[in-house]
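Undergrad: Got work.cif for you, mmCIF, C-alpha atoms and all ligand atoms:
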data_work
loop_
_atom_site.label_atom_id
_atom_site.label_comp_id
_atom_site.auth_asym_id
_atom_site.auth_seq_id
_atom_site.Cartn_x
_atom_site.Cartn_y
_atom_site.Cartn_z
CA MET A 495 -9.56 -43.64 28.09
CA LYS A 496 -9.95 -47.40 28.33
CA VAL A 497 -13.25 -48.83 29.57
CA PRO A 498 -13.26 -52.63 29.75
CA PHE A 499 -16.62 -54.37 29.46
CA LEU A 500 -15.90 -56.04 32.80
CA ASP A 501 -12.87 -56.07 35.10
CA LEU A 502 -13.28 -58.45 38.03
CA SER A 503 -9.75 -57.79 39.30
CA LEU A 504 -10.72 -54.41 40.81
CA GLN A 505 -13.38 -55.86 43.09
CA HIS A 506 -11.16 -58.74 44.13
CA ARG A 507 -8.22 -56.45 44.82
CA ALA A 508 -10.39 -54.30 47.11
CA ILE A 509 -11.33 -57.25 49.35
CA ARG A 510 -8.14 -59.26 48.84
CA GLU A 511 -6.94 -59.52 52.44
CA GLN A 512 -10.34 -60.36 53.87
CA ALA A 513 -10.99 -62.86 51.08
CA LEU A 514 -7.64 -64.61 51.43
CA ALA A 515 -7.99 -64.77 55.22
CA ALA A 516 -11.41 -66.39 54.85
CA LEU A 517 -10.14 -68.84 52.24
CA ALA A 518 -7.12 -69.69 54.42
CA ALA A 519 -9.37 -70.41 57.40
CA THR A 520 -11.45 -72.76 55.25
CA TYR A 521 -8.28 -74.39 53.95
CA ASP A 522 -6.82 -74.89 57.41
CA ALA A 523 -10.08 -76.35 58.71
CA THR A 524 -10.43 -78.56 55.58
CA ARG A 525 -14.07 -77.52 55.22
CA PHE A 526 -14.19 -78.27 51.51
CA CYS A 527 -17.72 -79.50 50.73
CA LEU A 528 -20.64 -77.70 52.39
CA GLY A 529 -19.79 -77.23 56.09
CA LYS A 530 -19.76 -74.16 58.30
CA ASP A 531 -18.68 -71.59 55.69
CA VAL A 532 -21.51 -72.60 53.39
CA GLU A 533 -24.03 -72.74 56.27
CA ASP A 534 -22.97 -69.27 57.45
CA PHE A 535 -23.27 -67.91 53.93
CA GLU A 536 -26.71 -69.51 53.45
CA ALA A 537 -27.94 -67.93 56.69
CA ALA A 538 -26.47 -64.51 55.82
CA PHE A 539 -27.83 -64.64 52.26
CA ALA A 540 -31.32 -65.47 53.57
CA LYS A 541 -31.21 -62.82 56.30
CA THR A 542 -29.74 -60.05 54.13
CA LEU A 543 -32.06 -60.55 51.16
CA GLY A 544 -35.26 -61.60 52.93
CA TYR A 545 -35.50 -65.35 52.29
CA PRO A 546 -36.86 -67.76 54.91
CA ARG A 547 -33.92 -70.08 54.09
CA ALA A 548 -31.46 -70.74 51.26
CA LEU A 549 -29.37 -73.63 49.93
CA GLY A 550 -25.85 -73.18 48.55
CA LEU A 551 -25.17 -75.16 45.40
CA ASN A 552 -22.30 -75.79 42.99
CA SER A 553 -23.61 -73.68 40.07
CA GLY A 554 -26.60 -71.71 38.85
CA THR A 555 -27.54 -74.47 36.46
CA SER A 556 -27.83 -77.08 39.24
CA PRO A 557 -30.80 -75.42 41.01
CA LEU A 558 -32.59 -75.18 37.65
CA HIS A 559 -32.03 -78.92 37.16
CA MET A 560 -33.19 -79.57 40.71
CA ALA A 561 -36.26 -77.36 40.25
CA ALA A 562 -37.31 -79.38 37.20
CA ALA A 563 -36.97 -82.58 39.24
CA LEU A 564 -38.89 -81.07 42.18
CA ALA A 565 -41.67 -79.94 39.83
CA GLY A 566 -41.99 -83.54 38.70
CA TRP A 567 -41.59 -82.64 35.02
CA GLY A 568 -40.69 -85.49 32.70
CA PRO A 569 -41.06 -86.92 29.19
CA GLY A 570 -44.21 -85.70 27.46
CA ASP A 571 -44.47 -82.60 29.63
CA GLU A 572 -44.17 -79.11 28.18
CA VAL A 573 -42.66 -76.19 30.07
CA ILE A 574 -42.90 -72.58 28.90
CA ALA A 575 -39.79 -70.38 28.85
CA PRO A 576 -38.54 -67.26 27.08
CA PRO A 577 -36.13 -67.69 24.12
CA PHE A 578 -34.05 -64.61 25.00
CA THR A 579 -31.97 -65.66 28.01
CA PHE A 580 -28.90 -67.75 28.87
CA ILE A 581 -29.28 -71.40 27.81
CA SER A 582 -29.24 -72.67 31.43
CA THR A 583 -32.77 -71.33 31.87
CA VAL A 584 -34.07 -74.30 29.89
CA TRP A 585 -31.40 -76.94 30.62
CA GLY A 586 -33.35 -78.26 33.61
CA ILE A 587 -36.42 -78.83 31.43
CA SER A 588 -34.35 -80.84 28.96
CA TYR A 589 -32.33 -82.70 31.63
CA VAL A 590 -35.54 -84.30 33.01
CA GLY A 591 -36.78 -85.20 29.53
CA ALA A 592 -39.49 -82.54 29.30
CA THR A 593 -39.84 -80.18 26.33
CA PRO A 594 -39.18 -76.44 26.41
CA VAL A 595 -41.95 -74.46 24.74
CA PHE A 596 -40.75 -70.99 23.86
CA VAL A 597 -42.97 -67.94 24.22
CA ASP A 598 -41.79 -64.66 22.75
CA ILE A 599 -40.64 -61.68 24.81
CA ASP A 600 -41.84 -58.12 25.24
CA GLU A 601 -40.15 -55.62 22.93
CA ALA A 602 -39.43 -53.00 25.60
CA THR A 603 -38.35 -55.13 28.58
CA PHE A 604 -36.82 -58.25 26.91
CA LEU A 605 -38.92 -60.27 29.41
CA LEU A 606 -41.34 -63.15 28.80
CA ASP A 607 -44.55 -61.55 27.44
CA PRO A 608 -47.49 -62.76 29.56
CA ALA A 609 -49.95 -61.79 26.80
CA LYS A 610 -48.46 -64.54 24.64
CA ILE A 611 -48.39 -67.34 27.24
CA GLU A 612 -51.96 -68.67 27.11
CA ALA A 613 -51.81 -69.36 23.36
CA ALA A 614 -48.90 -71.75 24.07
CA ILE A 615 -50.66 -73.72 26.80
CA THR A 616 -51.78 -77.27 25.95
CA PRO A 617 -53.03 -80.15 28.13
CA ARG A 618 -49.33 -81.18 28.42
CA THR A 619 -48.16 -77.84 29.83
CA LYS A 620 -46.82 -78.36 33.37
CA GLY A 621 -44.85 -75.26 34.21
CA ILE A 622 -43.18 -71.95 33.44
CA VAL A 623 -39.56 -70.89 33.93
CA ALA A 624 -39.61 -67.10 34.29
CA VAL A 625 -36.36 -65.13 34.02
CA HIS A 626 -35.52 -61.81 35.68
CA LEU A 627 -33.32 -60.95 32.74
CA PHE A 628 -30.48 -58.42 32.98
CA GLY A 629 -31.65 -57.72 36.57
CA LEU A 630 -35.18 -56.55 35.71
CA PRO A 631 -37.96 -58.43 37.55
CA ALA A 632 -40.23 -60.45 35.26
CA PRO A 633 -43.97 -59.62 35.17
CA MET A 634 -44.69 -62.13 37.94
CA GLU A 635 -48.18 -60.90 38.80
CA ALA A 636 -49.46 -61.72 35.31
CA ILE A 637 -47.38 -64.92 35.07
CA LEU A 638 -48.63 -66.20 38.44
CA ALA A 639 -52.27 -65.49 37.52
CA ILE A 640 -51.91 -67.67 34.39
CA ALA A 641 -50.01 -70.34 36.34
CA LYS A 642 -52.72 -70.48 38.98
CA LYS A 643 -55.49 -70.78 36.38
CA HIS A 644 -53.74 -73.71 34.68
CA GLY A 645 -52.12 -75.35 37.71
CA LEU A 646 -48.54 -74.74 36.57
CA PHE A 647 -45.34 -74.99 38.64
CA VAL A 648 -43.38 -71.74 38.38
CA VAL A 649 -39.59 -71.53 38.62
CA GLU A 650 -37.91 -68.12 38.81
CA ASP A 651 -34.45 -67.95 37.26
CA CYS A 652 -32.92 -65.22 39.44
CA ALA A 653 -29.34 -65.73 38.21
CA GLN A 654 -29.11 -62.12 37.02
CA ALA A 655 -31.29 -60.53 39.68
CA VAL A 656 -29.77 -61.14 43.11
CA GLY A 657 -31.08 -58.42 45.44
CA ALA A 658 -34.10 -57.51 43.28
CA THR A 659 -37.66 -57.45 44.55
CA CYS A 660 -40.86 -58.00 42.62
CA GLY A 661 -44.04 -56.41 43.96
CA GLY A 662 -42.04 -55.87 47.17
CA THR A 663 -41.19 -59.58 47.52
CA PRO A 664 -37.60 -60.79 46.99
CA VAL A 665 -37.31 -62.51 43.61
CA GLY A 666 -37.49 -66.29 43.96
CA LEU A 667 -40.26 -66.23 46.57
CA LEU A 668 -43.11 -65.46 44.18
CA GLY A 669 -43.14 -68.70 42.20
CA ASP A 670 -42.75 -72.22 43.59
CA CYS A 671 -38.97 -71.82 43.81
CA GLY A 672 -36.12 -69.55 42.76
CA THR A 673 -32.59 -70.20 41.52
CA PHE A 674 -29.41 -68.10 41.69
CA SER A 675 -25.95 -68.22 40.12
CA PHE A 676 -22.72 -67.03 41.71
CA TYR A 677 -20.70 -67.42 38.53
CA PRO A 678 -17.85 -64.86 38.84
CA THR A 679 -19.43 -62.36 36.42
CA LYS A 680 -22.79 -62.23 38.22
CA ASN A 681 -23.75 -59.32 40.53
CA LEU A 682 -22.63 -61.53 43.43
CA GLY A 683 -19.84 -63.72 42.07
CA GLY A 684 -17.73 -66.45 43.64
CA CYS A 685 -14.12 -67.43 42.97
CA GLY A 686 -15.37 -70.32 40.88
CA GLU A 687 -18.77 -71.90 40.35
CA GLY A 688 -21.71 -71.44 42.70
CA GLY A 689 -25.45 -71.10 42.97
CA ALA A 690 -28.38 -71.09 45.36
CA PHE A 691 -31.92 -72.37 45.70
CA VAL A 692 -34.78 -70.71 47.58
CA SER A 693 -38.45 -71.54 48.01
CA ARG A 694 -41.34 -70.09 49.98
CA ARG A 695 -42.70 -73.67 50.14
CA GLU A 696 -41.14 -75.55 53.05
CA GLU A 697 -41.80 -79.05 51.69
CA ILE A 698 -40.15 -78.14 48.37
CA PHE A 699 -37.16 -76.67 50.19
CA GLU A 700 -36.76 -79.71 52.46
CA LYS A 701 -36.79 -82.06 49.47
CA ALA A 702 -34.31 -79.81 47.64
CA LYS A 703 -31.98 -80.12 50.61
CA LEU A 704 -32.04 -83.91 50.22
CA LEU A 705 -31.68 -83.83 46.43
CA ARG A 706 -28.59 -81.62 46.75
CA VAL A 707 -26.72 -84.39 48.56
CA HIS A 708 -27.51 -87.65 46.77
CA GLY A 709 -31.18 -87.67 47.85
CA SER A 710 -29.96 -88.45 51.32
CA GLY A 711 -30.84 -87.04 54.74
CA ARG A 712 -28.95 -89.74 56.59
CA ARG A 713 -25.58 -90.84 55.30
CA TYR A 714 -25.78 -93.93 53.05
CA TYR A 715 -29.61 -93.97 53.14
CA HIS A 716 -31.12 -92.56 49.94
CA ASP A 717 -34.79 -91.59 49.88
CA HIS A 718 -34.66 -90.05 46.39
CA VAL A 719 -32.56 -90.35 43.26
CA GLY A 720 -30.49 -87.26 43.99
CA PHE A 721 -27.59 -85.19 42.76
CA ASN A 722 -24.21 -84.02 43.92
CA PHE A 723 -24.87 -80.28 43.89
CA ARG A 724 -22.95 -79.33 47.07
CA MET A 725 -21.39 -75.87 47.26
CA ASP A 726 -17.61 -75.76 47.94
CA GLY A 727 -16.48 -74.48 51.31
CA PHE A 728 -14.23 -71.97 49.53
CA GLN A 729 -17.21 -70.47 47.68
CA GLY A 730 -19.21 -70.18 50.90
CA ALA A 731 -16.28 -68.44 52.59
CA LEU A 732 -15.67 -65.99 49.75
CA LEU A 733 -19.35 -65.23 49.14
CA GLY A 734 -19.70 -64.58 52.86
CA VAL A 735 -17.00 -61.90 52.54
CA LYS A 736 -18.65 -60.37 49.48
CA LEU A 737 -22.30 -60.42 50.57
CA PRO A 738 -22.11 -57.33 52.85
CA HIS A 739 -20.91 -55.33 49.81
CA LEU A 740 -23.79 -56.35 47.54
CA ALA A 741 -26.17 -53.52 48.49
CA GLY A 742 -23.47 -50.91 47.82
CA TRP A 743 -22.50 -52.55 44.53
CA THR A 744 -26.16 -52.62 43.44
CA ALA A 745 -26.56 -48.95 44.36
CA ARG A 746 -23.50 -48.12 42.25
CA ARG A 747 -24.89 -50.16 39.31
CA ARG A 748 -28.12 -48.14 39.58
CA GLU A 749 -26.16 -44.89 39.70
CA ILE A 750 -24.26 -45.82 36.53
CA ALA A 751 -27.49 -46.90 34.80
CA ASN A 752 -29.13 -43.60 35.68
CA ARG A 753 -26.15 -41.70 34.27
CA TYR A 754 -26.40 -43.70 31.03
CA LEU A 755 -30.19 -43.21 30.87
CA ALA A 756 -29.83 -39.45 31.33
CA GLY A 757 -26.70 -38.99 29.23
CA ILE A 758 -27.14 -41.18 26.17
CA LYS A 759 -28.98 -39.03 23.67
CA HIS A 760 -28.77 -40.63 20.28
CA PRO A 761 -31.74 -40.72 17.90
CA ASP A 762 -31.21 -44.37 16.91
CA VAL A 763 -30.30 -45.81 20.31
CA ARG A 764 -33.09 -47.46 22.25
CA LEU A 765 -32.41 -47.41 25.99
CA PRO A 766 -33.32 -50.27 28.35
CA VAL A 767 -36.21 -50.21 30.83
CA GLY A 768 -35.04 -50.08 34.46
CA GLN A 769 -38.35 -50.10 36.24
CA THR A 770 -41.76 -51.67 35.67
CA THR A 771 -44.86 -51.99 37.87
CA ASP A 772 -43.31 -55.29 39.05
CA GLY A 773 -40.02 -53.88 40.26
CA GLU A 774 -36.70 -52.13 39.75
CA SER A 775 -33.69 -53.53 37.93
CA VAL A 776 -30.46 -54.43 39.74
CA TRP A 777 -28.76 -53.84 36.36
CA HIS A 778 -26.82 -57.04 35.74
CA GLN A 779 -26.55 -55.71 32.20
CA PHE A 780 -27.20 -52.35 30.58
CA THR A 781 -28.38 -53.37 27.14
CA ILE A 782 -29.13 -50.84 24.44
CA ARG A 783 -30.44 -51.47 20.95
CA HIS A 784 -29.37 -50.00 17.65
CA PRO A 785 -30.37 -50.98 14.09
CA ARG A 786 -26.67 -50.89 13.07
CA ARG A 787 -25.43 -52.64 16.20
CA ASP A 788 -22.28 -54.16 14.70
CA ALA A 789 -21.11 -50.78 13.38
CA LEU A 790 -21.81 -49.17 16.77
CA ARG A 791 -19.85 -51.94 18.46
CA GLU A 792 -16.88 -51.33 16.17
CA HIS A 793 -17.10 -47.59 16.76
CA LEU A 794 -17.07 -48.13 20.54
CA ALA A 795 -14.12 -50.52 20.27
CA LYS A 796 -12.20 -47.77 18.45
CA HIS A 797 -12.94 -45.51 21.43
CA ASP A 798 -11.60 -48.22 23.80
CA VAL A 799 -15.07 -49.05 25.12
CA GLY A 800 -15.61 -52.77 25.67
CA THR A 801 -19.05 -54.17 24.88
CA ASP A 802 -20.64 -57.59 24.77
CA LEU A 803 -23.31 -59.14 22.63
CA ILE A 804 -25.82 -60.71 25.00
CA TYR A 805 -27.38 -62.74 23.35
CA PRO A 806 -26.50 -63.30 19.67
CA VAL A 807 -28.76 -66.34 19.10
CA PRO A 808 -32.19 -66.98 20.68
CA LEU A 809 -32.68 -70.37 22.32
CA HIS A 810 -35.30 -71.57 19.83
CA ARG A 811 -32.71 -71.18 17.03
CA GLN A 812 -29.86 -72.96 18.85
CA ALA A 813 -28.50 -76.05 17.08
CA CYS A 814 -29.25 -78.21 20.13
CA TYR A 815 -32.97 -77.43 19.79
CA ALA A 816 -33.22 -77.81 16.00
CA SER A 817 -35.40 -80.90 16.53
CA LEU A 818 -38.06 -78.73 18.20
CA GLY A 819 -38.69 -77.29 14.74
CA TYR A 820 -38.87 -73.55 15.40
CA ALA A 821 -38.47 -71.73 12.08
CA GLU A 822 -36.69 -68.44 11.65
CA GLY A 823 -39.26 -65.72 12.30
CA SER A 824 -41.26 -67.84 14.77
CA MET A 825 -40.23 -65.62 17.73
CA PRO A 826 -39.86 -62.26 15.95
CA VAL A 827 -39.33 -60.06 19.01
CA ALA A 828 -36.56 -62.24 20.45
CA GLU A 829 -34.93 -62.55 17.05
CA ARG A 830 -35.00 -58.77 16.56
CA ALA A 831 -33.48 -58.35 20.01
CA CYS A 832 -30.62 -60.72 19.15
CA ALA A 833 -29.95 -58.75 15.96
CA THR A 834 -29.86 -55.32 17.60
CA VAL A 835 -28.74 -55.57 21.27
CA LEU A 836 -25.44 -54.34 22.64
CA SER A 837 -24.47 -54.42 26.32
CA LEU A 838 -22.39 -51.58 27.76
CA PRO A 839 -19.97 -51.79 30.73
CA ILE A 840 -21.86 -51.55 34.06
CA PHE A 841 -19.71 -53.07 36.83
CA PRO A 842 -19.64 -51.13 40.15
CA GLU A 843 -15.94 -50.23 40.01
CA LEU A 844 -16.31 -48.08 36.86
CA THR A 845 -15.29 -44.49 37.55
CA ASP A 846 -17.56 -41.56 36.74
CA ALA A 847 -15.02 -40.47 34.11
CA GLN A 848 -15.25 -43.88 32.44
CA VAL A 849 -19.04 -43.72 32.48
CA GLU A 850 -18.91 -40.26 30.87
CA HIS A 851 -16.51 -41.60 28.24
CA VAL A 852 -18.96 -44.38 27.36
CA ILE A 853 -21.81 -41.85 27.06
CA ALA A 854 -19.78 -39.46 24.88
CA SER A 855 -18.59 -42.33 22.68
CA VAL A 856 -22.14 -43.64 22.09
CA ASN A 857 -23.43 -40.15 21.39
CA ALA A 858 -20.60 -39.55 18.91
CA PHE A 859 -21.62 -42.50 16.74
C1 LIG B 901 -25.64 -67.39 34.71
C2 LIG B 901 -27.00 -67.84 34.45
C3 LIG B 901 -27.48 -69.11 34.85
C4 LIG B 901 -26.64 -70.13 35.58
O1 LIG B 901 -25.38 -70.28 35.09
P1 LIG B 901 -24.17 -71.05 35.82
O2 LIG B 901 -23.05 -70.70 34.92
O3 LIG B 901 -24.51 -72.48 35.82
O4 LIG B 901 -23.97 -70.52 37.20
C5 LIG B 901 -28.79 -69.42 34.64
N1 LIG B 901 -29.62 -68.56 34.04
C6 LIG B 901 -29.24 -67.35 33.63
C7 LIG B 901 -30.24 -66.44 33.02
C8 LIG B 901 -27.91 -66.96 33.80
O5 LIG B 901 -27.52 -65.74 33.39
#
Let me see the file written as structure tokens.
Ligand SMILES: *Cc1c(COP(=O)(O)O)cnc(C)c1O
TA:
Amino acid sequence: MKVPFLDLSLQHRAIREQALAALAATYDATRFCLGKDVEDFEAAFAKTLGYPRALGLNSGTSPLHMAAALAGWGPGDEVIAPPFTFISTVWGISYVGATPVFVDIDEATFLLDPAKIEAAITPRTKGIVAVHLFGLPAPMEAILAIAKKHGLFVVEDCAQAVGATCGGTPVGLLGDCGTFSFYPTKNLGGCGEGGAFVSRREEIFEKAKLLRVHGSGRRYYHDHVGFNFRMDGFQGALLGVKLPHLAGWTARRREIANRYLAGIKHPDVRLPVGQTTDGESVWHQFTIRHPRRDALREHLAKHDVGTDLIYPVPLHRQACYASLGYAEGSMPVAERACATVLSLPIFPELTDAQVEHVIASVNAF
């Protein structure tokens, strides 16, 4: 039996007619940049997931860039972030000329370890970018307590956690602002690039709205040095079709994760954490660990089970950050994670038989 790591065609086939009708309406109305489809999606996204308001953007990296600008970070400032995440988490920090300061992760959850944050704080520290990695909410209560004590601006990178809540609050509303990605492979994916920005702080949100469109509230009058981060009309239309399915897709991801958690019984496999005191995972990834990860990956490939290696290199060891001077061994937990993680298929359209095949194949290693 073949189990691909991810097959987006199944989801798109299931909503094909509705999706194409929505895209055709956008096409016929020539609503290409922002416009009604994006506004309708923003309103539905906010209402469905519990946000006071939301902004549609052109990627998940753009809101992180915008957040860094809104925080007022710049050259000489230091911003704390985890090294085990997608690179975009720290791009915003670098784009505004500030310096990412990496703080190691927790061994069990893969999330930024709050116990290690204070040792990294200096008089230059201005903020924290927390990541709800693989769908599991970050330990926001502890992170926010430290942020409050030191007056830090907190950005939540929610790219992998759409639909998750943290302490009962939707992710993105705990810190100063939250950012989402609608890259096609995300739990809510567009037919191209997309992202969103949320904030519980009205003044931050209002400024973000201006920054998204050239720092301009009134055409050809520019109050701020802004960006062109507008969401496409097509993305708004398609995401509007997909949004009502998100809760069902998340429930199916949780069902698959629970099957894996109950069924994978292998002495050397370490299973992921799906729930902490902060919240429950929406399972963007199901990431196991094994000391002989590469051999396990090869074994699974032979059984037609697709896997992915997320992430092979921690951010503090990326070539682009060599000048920051982090030696090998400086973030031991993240480095160990990179050496041992393996992500299994967990998209909602997997059949129960496929899930059972993955379990049997892992257990047979
Ligand atoms: C996907 C992702 C982003 C944003 O990526 P885009 O490709 O720009 O949409 C940011 N952070 C994390 C953790 C991500 O997984």
Undergrad: Tell me which protein, DNA and RNA residues are within 12 Å of Ala636 in chain A, counting all atoms listed in the file, leaving out same-chain ones fewer than 3 positions away, and put them as a VMD selection string.
TA: chain A and resid 606 to 612 624 632 to 633 639 to 643 660 to 661 668 to 669 771 to 772
Undergrad: List as a ChimeraX atom specification the protein and nucleic acid residues lying within 9 Å of ligand LIG 901 (chain B), with only C-alpha atoms and all ligand atoms counted.
TA: /A:552-558,579-585,625-628,651-655,673-680,687-689
Undergrad: Between CA of Phe535 in chain A and CA of Ala519 in chain A, what is the distance, to one decimal in Å?
TA: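 Answer for the CA of Phe535 in chain A to CA of Ala519 in chain A separation: 14.5 Å.
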Undergrad: Which one is closest to Lys530 in chain A: A:Met725, A:Cys832, A:Met825, A:Ala513? Count all atoms listed in the file.
TA: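 Checking each of A:Met725, A:Cys832, A:Met825, A:Ala513 against Lys530 in chain A, counting all atoms listed in the file, the winner is A:Met725.
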Undergrad: Which residue, A:Glu601, A:Glu572, A:Glu533, A:Glu843, has the smallest gap to Trp743 in chain A when you use all atoms listed in the file?
TA: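 Nearest to Trp743 in chain A: A:Glu843.
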Undergrad: Neighbours of Ala795 in chain A within 12 Å (all atoms listed in the file; same-chain residues fewer than 2 positions away dropped), as a VMD selection string?
TA: chain A and resid 495 to 499 788 to 793 797 to 802 838 852 855 to 856 859
Undergrad: What is the CA of Glu700 in chain A-CA of Gly657 in chain A distance in Å, reported with one decimal?
TA: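 Distance reported for this atom pair: 23.1 Å.
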Undergrad: To one decimal place in Å, what is the distance between CA of Pro577 in chain A and CA of Val623 in chain A?
TA: 10.9 Å
Undergrad: Counting all atoms listed in the file, write as a PDB file with C-alpha atoms, in the coordinates of the input all protein and nucleic acid residues lying at most 12 Å from (-31.5, -75.8, 20.0) in the file's frame.
TA:
ATOM      1  CA  PRO A 577     -36.130 -67.690  24.120  1.00  0.00           C
ATOM      2  CA  ILE A 581     -29.280 -71.400  27.810  1.00  0.00           C
ATOM      3  CA  VAL A 584     -34.070 -74.300  29.890  1.00  0.00           C
ATOM      4  CA  TRP A 585     -31.400 -76.940  30.620  1.00  0.00           C
ATOM      5  CA  SER A 588     -34.350 -80.840  28.960  1.00  0.00           C
ATOM      6  CA  THR A 593     -39.840 -80.180  26.330  1.00  0.00           C
ATOM      7  CA  PRO A 594     -39.180 -76.440  26.410  1.00  0.00           C
ATOM      8  CA  VAL A 595     -41.950 -74.460  24.740  1.00  0.00           C
ATOM      9  CA  PHE A 596     -40.750 -70.990  23.860  1.00  0.00           C
ATOM     10  CA  VAL A 807     -28.760 -66.340  19.100  1.00  0.00           C
ATOM     11  CA  PRO A 808     -32.190 -66.980  20.680  1.00  0.00           C
ATOM     12  CA  LEU A 809     -32.680 -70.370  22.320  1.00  0.00           C
ATOM     13  CA  HIS A 810     -35.300 -71.570  19.830  1.00  0.00           C
ATOM     14  CA  ARG A 811     -32.710 -71.180  17.030  1.00  0.00           C
ATOM     15  CA  GLN A 812     -29.860 -72.960  18.850  1.00  0.00           C
ATOM     16  CA  ALA A 813     -28.500 -76.050  17.080  1.00  0.00           C
ATOM     17  CA  CYS A 814     -29.250 -78.210  20.130  1.00  0.00           C
ATOM     18  CA  TYR A 815     -32.970 -77.430  19.790  1.00  0.00           C
ATOM     19  CA  ALA A 816     -33.220 -77.810  16.000  1.00  0.00           C
ATOM     20  CA  SER A 817     -35.400 -80.900  16.530  1.00  0.00           C
ATOM     21  CA  LEU A 818     -38.060 -78.730  18.200  1.00  0.00           C
ATOM     22  CA  GLY A 819     -38.690 -77.290  14.740  1.00  0.00           C
ATOM     23  CA  TYR A 820     -38.870 -73.550  15.400  1.00  0.00           C
ATOM     24  CA  ALA A 821     -38.470 -71.730  12.080  1.00  0.00           C
TER      25      ALA A 821
END
Undergrad: For range 708-720 of chain A, please output as a VMD selection string all residues within 10 Å (counting only C-alpha atoms; exclusion window: fewer than 5 positions along the same chain).
TA: chain A and resid 560 563 700 to 703
Undergrad: Using all atoms listed in the file, determine which residues lie at most 8 Å from Leu549 in chain A, disregarding the query and same-chain residues fewer than 6 positions distant; provide the list as number ranges by chain.
TA: A: 536, 690-692, 703
Undergrad: With all atoms listed in the file as the atoms that count, which of A:Pro738, A:Gly768, A:Pro617, A:Gly629 lies nearest to Asn752 in chain A?
TA: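 Among A:Pro738, A:Gly768, A:Pro617, A:Gly629, it is A:Gly768 that comes nearest to Asn752 in chain A.
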